[in-house]
Amino acid sequence: MKLAKRVSALTPSSTLAITAKAKELKAAGHDVIGLGAGEPDFNTPQHILEAAVTAMNDGQTKYTPAGGLAPLKEAVIEKFKRDQGLTYSPSEIIVCTGAKHALYTLFQVLLDEGDEVIIPTPYWVSYPEQVKLAEGAPVFVEGSENNEFKITPEQLEAAITAKTKAVIINSPSNPTGMIYTREELQALGEVCLKHDIFIVSDEIYEKLVYGQNEHVSIAQLSPALKEKQLSLTVFLSHIP
């Protein structure tokens, strides 16, 4: 079977490979701690399970609006207002089935063939593959260890070309756990505004912040950056 060129260009997921190996070793009787897939070692909280069963028993098993149920969108809007002080309208909120689906959809509508997306390294393994599926080109910028795996405004600006469409900013980061400060985000944002490129802000780990660190959404820093930011957020039990 001859598959499309865009499929043959994809790299197999190392996360899934590691997870499969861990399961194989467990099945063989080894005591293994799996550090591959980003999932907890406990079940979904009971109140969420019960809410899902109640919803199904109440007949909520039909097609939903493509962008998400209206009450869910309102809950997302309230979350942004409560946690980040940001105001959105329902038309600015899209509910997806997960981070990969959100990124896939985003890059499909954002990228034309050959458009470049800057991806700081180290990175979550699916970023470049999602870009390639949209026939875009991933451009890697090294976040060095001596800078806590962060990229600098100078590095970002040096990587921008006439084909650059967006940059991915993942804070808190998977896999390093680093967090950009408010000042660092402001400096990166100013470069994006200067060159008129989108900011794909992956903030799905915003609740995994420890010590004196603070999670800041780049959209909080100015109306102009809010306009340029495409925020990816995963909500678990934080939405009532």
# chains A, B, ... in the order shown; residues from 1 in each chain; ligands from 1
call {"tool": "residues_around", "arguments": {"residues": "A:Arg182", "least_positions_apart": "4", "cutoff": "8 Å", "atoms": "only C-alpha atoms", "output": "count of residues only"}}
result
4
call {"tool": "atom_distance", "arguments": {"atom1": "atom CA of A:Glu190", "atom2": "atom CA of A:Gln220"}}
result
13.4 Å
call {"tool": "residues_around", "arguments": {"residues": "A:Gly136", "least_positions_apart": "5", "cutoff": "9 Å", "atoms": "only C-alpha atoms", "output": "MDAnalysis selection string"}}
result
chainID A and resid 107 111:117 128 130:131
call {"tool": "residues_around", "arguments": {"residues": "stretch 192-205 of chain A", "least_positions_apart": "6", "cutoff": "9 Å", "atoms": "only C-alpha atoms", "output": "ChimeraX atom specification"}}
result
/A:99,103,156-157,160,164-174,177,215,217-219,224-225,227-235
call {"tool": "atom_distance", "arguments": {"atom1": "atom CA of A:Val76", "atom2": "atom CA of A:Ser89"}}
result
10.0 Å
call {"tool": "atom_distance", "arguments": {"atom1": "atom CA of A:Leu10", "atom2": "atom CA of A:Phe149"}}
result
25.1 Å
call {"tool": "select_by_dssp", "arguments": {"residues": "stretch 89-149 of chain A", "states": "helix (DSSP H, G or I)", "output": "list in words"}}
result
Pro90, Ser91, Glu92, Ala99, Lys100, His101, Ala102, Leu103, Tyr104, Thr105, Leu106, Phe107, Gln108, Val109, Leu110, Ser126, Tyr127, Pro128, Glu129, Gln130, Val131, Lys132, Leu133, Glu145, Asn146 and Asn147 of chain A
call {"tool": "write_last_selection", "arguments": {"atoms": "C-alpha atoms", "output": "PDB file, in the first residue's frame"}}
result
ATOM      1  CA  PRO A  90     -17.665  31.814  23.589  1.00  0.00           C
ATOM      2  CA  SER A  91     -16.643  32.362  19.950  1.00  0.00           C
ATOM      3  CA  GLU A  92     -12.997  32.433  21.058  1.00  0.00           C
ATOM      4  CA  ALA A  99      -3.804  18.171  23.205  1.00  0.00           C
ATOM      5  CA  LYS A 100      -2.858  16.272  20.042  1.00  0.00           C
ATOM      6  CA  HIS A 101      -6.243  16.907  18.467  1.00  0.00           C
ATOM      7  CA  ALA A 102      -6.037  20.594  19.392  1.00  0.00           C
ATOM      8  CA  LEU A 103      -2.566  20.974  17.880  1.00  0.00           C
ATOM      9  CA  TYR A 104      -3.479  19.017  14.760  1.00  0.00           C
ATOM     10  CA  THR A 105      -6.533  21.189  14.183  1.00  0.00           C
ATOM     11  CA  LEU A 106      -4.598  24.381  14.919  1.00  0.00           C
ATOM     12  CA  PHE A 107      -1.768  23.682  12.495  1.00  0.00           C
ATOM     13  CA  GLN A 108      -4.148  22.499   9.782  1.00  0.00           C
ATOM     14  CA  VAL A 109      -5.897  25.880   9.787  1.00  0.00           C
ATOM     15  CA  LEU A 110      -2.753  27.942  10.434  1.00  0.00           C
ATOM     16  CA  SER A 126       4.492  15.373  18.923  1.00  0.00           C
ATOM     17  CA  TYR A 127       5.151  19.050  18.118  1.00  0.00           C
ATOM     18  CA  PRO A 128       7.211  18.549  14.936  1.00  0.00           C
ATOM     19  CA  GLU A 129       4.991  15.721  13.713  1.00  0.00           C
ATOM     20  CA  GLN A 130       1.878  17.888  13.984  1.00  0.00           C
ATOM     21  CA  VAL A 131       3.636  20.615  12.005  1.00  0.00           C
ATOM     22  CA  LYS A 132       4.746  18.135   9.330  1.00  0.00           C
ATOM     23  CA  LEU A 133       1.213  16.725   8.995  1.00  0.00           C
ATOM     24  CA  GLU A 145      21.098  23.521  29.952  1.00  0.00           C
ATOM     25  CA  ASN A 146      23.029  26.502  31.330  1.00  0.00           C
ATOM     26  CA  ASN A 147      19.932  28.637  30.623  1.00  0.00           C
TER      27      ASN A 147
END
call {"tool": "closest_atom_pairs", "arguments": {"of": "stretch 87-166 of chain A", "to": "stretch 51-75 of chain A", "cutoff": "7 Å", "atoms": "only C-alpha atoms", "output": "Markdown table"}}
result
| residue | atom | partner | partner_atom | distance |
| --- | --- | --- | --- | --- |
| A:Pro90 | CA | A:Lys73 | CA | 6.0 |
| A:Ile93 | CA | A:Lys73 | CA | 6.4 |
| A:Ile94 | CA | A:Gly67 | CA | 4.8 |
| A:Val95 | CA | A:Gly68 | CA | 4.9 |
call {"tool": "closest_residue", "arguments": {"among": "A:Gly98, A:Gly211, A:Pro120, A:Gly189", "to": "A:Thr176", "atoms": "only C-alpha atoms"}}
result
A:Pro120
call {"tool": "select_by_dssp", "arguments": {"residues": "stretch 108-154 of chain A", "states": "strand (DSSP E or B)", "output": "MDAnalysis selection string"}}
result
chainID A and resid 116:121 137:142 144 150
call {"tool": "write_last_selection", "arguments": {"atoms": "N, CA, C and O atoms", "output": "CSV table (one decimal), in the first residue's frame"}}
result
chain,number,residue,atom,x,y,z
A,116,GLU,N,7.0,27.8,8.4
A,116,GLU,CA,7.9,27.3,9.4
A,116,GLU,C,7.3,27.6,10.8
A,116,GLU,O,6.6,28.7,11.0
A,117,VAL,N,7.5,26.7,11.7
A,117,VAL,CA,7.1,26.8,13.1
A,117,VAL,C,8.4,26.6,14.0
A,117,VAL,O,9.0,25.5,13.9
A,118,ILE,N,8.7,27.6,14.8
A,118,ILE,CA,9.9,27.5,15.7
A,118,ILE,C,9.5,26.6,16.9
A,118,ILE,O,8.5,26.9,17.6
A,119,ILE,N,10.4,25.6,17.2
A,119,ILE,CA,10.1,24.7,18.3
A,119,ILE,C,11.4,24.7,19.2
A,119,ILE,O,12.4,24.2,18.7
A,120,PRO,N,11.3,25.3,20.4
A,120,PRO,CA,12.5,25.2,21.3
A,120,PRO,C,12.7,23.7,21.7
A,120,PRO,O,11.8,22.9,21.9
A,121,THR,N,14.0,23.4,21.9
A,121,THR,CA,14.3,22.1,22.3
A,121,THR,C,14.9,22.2,23.8
A,121,THR,O,15.5,23.2,24.1
A,137,ALA,N,7.1,23.2,8.2
A,137,ALA,CA,8.5,22.8,8.5
A,137,ALA,C,8.9,23.2,9.9
A,137,ALA,O,8.8,24.4,10.3
A,138,PRO,N,9.2,22.2,10.8
A,138,PRO,CA,9.7,22.5,12.1
A,138,PRO,C,11.1,23.1,12.1
A,138,PRO,O,11.9,22.6,11.4
A,139,VAL,N,11.3,24.1,12.9
A,139,VAL,CA,12.6,24.8,13.0
A,139,VAL,C,13.0,24.7,14.5
A,139,VAL,O,12.3,25.3,15.3
A,140,PHE,N,14.1,24.0,14.8
A,140,PHE,CA,14.5,23.8,16.2
A,140,PHE,C,15.5,24.8,16.7
A,140,PHE,O,16.4,25.2,16.0
A,141,VAL,N,15.2,25.3,17.9
A,141,VAL,CA,16.1,26.3,18.5
A,141,VAL,C,16.5,25.7,19.9
A,141,VAL,O,15.6,25.3,20.7
A,142,GLU,N,17.8,25.6,20.2
A,142,GLU,CA,18.2,24.9,21.4
A,142,GLU,C,18.0,25.7,22.6
A,142,GLU,O,18.5,26.8,22.7
A,144,SER,N,19.4,25.8,26.0
A,144,SER,CA,20.6,25.2,26.6
A,144,SER,C,20.5,24.9,28.1
A,144,SER,O,19.7,25.6,28.8
A,150,LYS,N,15.8,27.1,28.5
A,150,LYS,CA,15.0,28.2,27.9
A,150,LYS,C,15.7,28.8,26.7
A,150,LYS,O,16.9,28.7,26.6
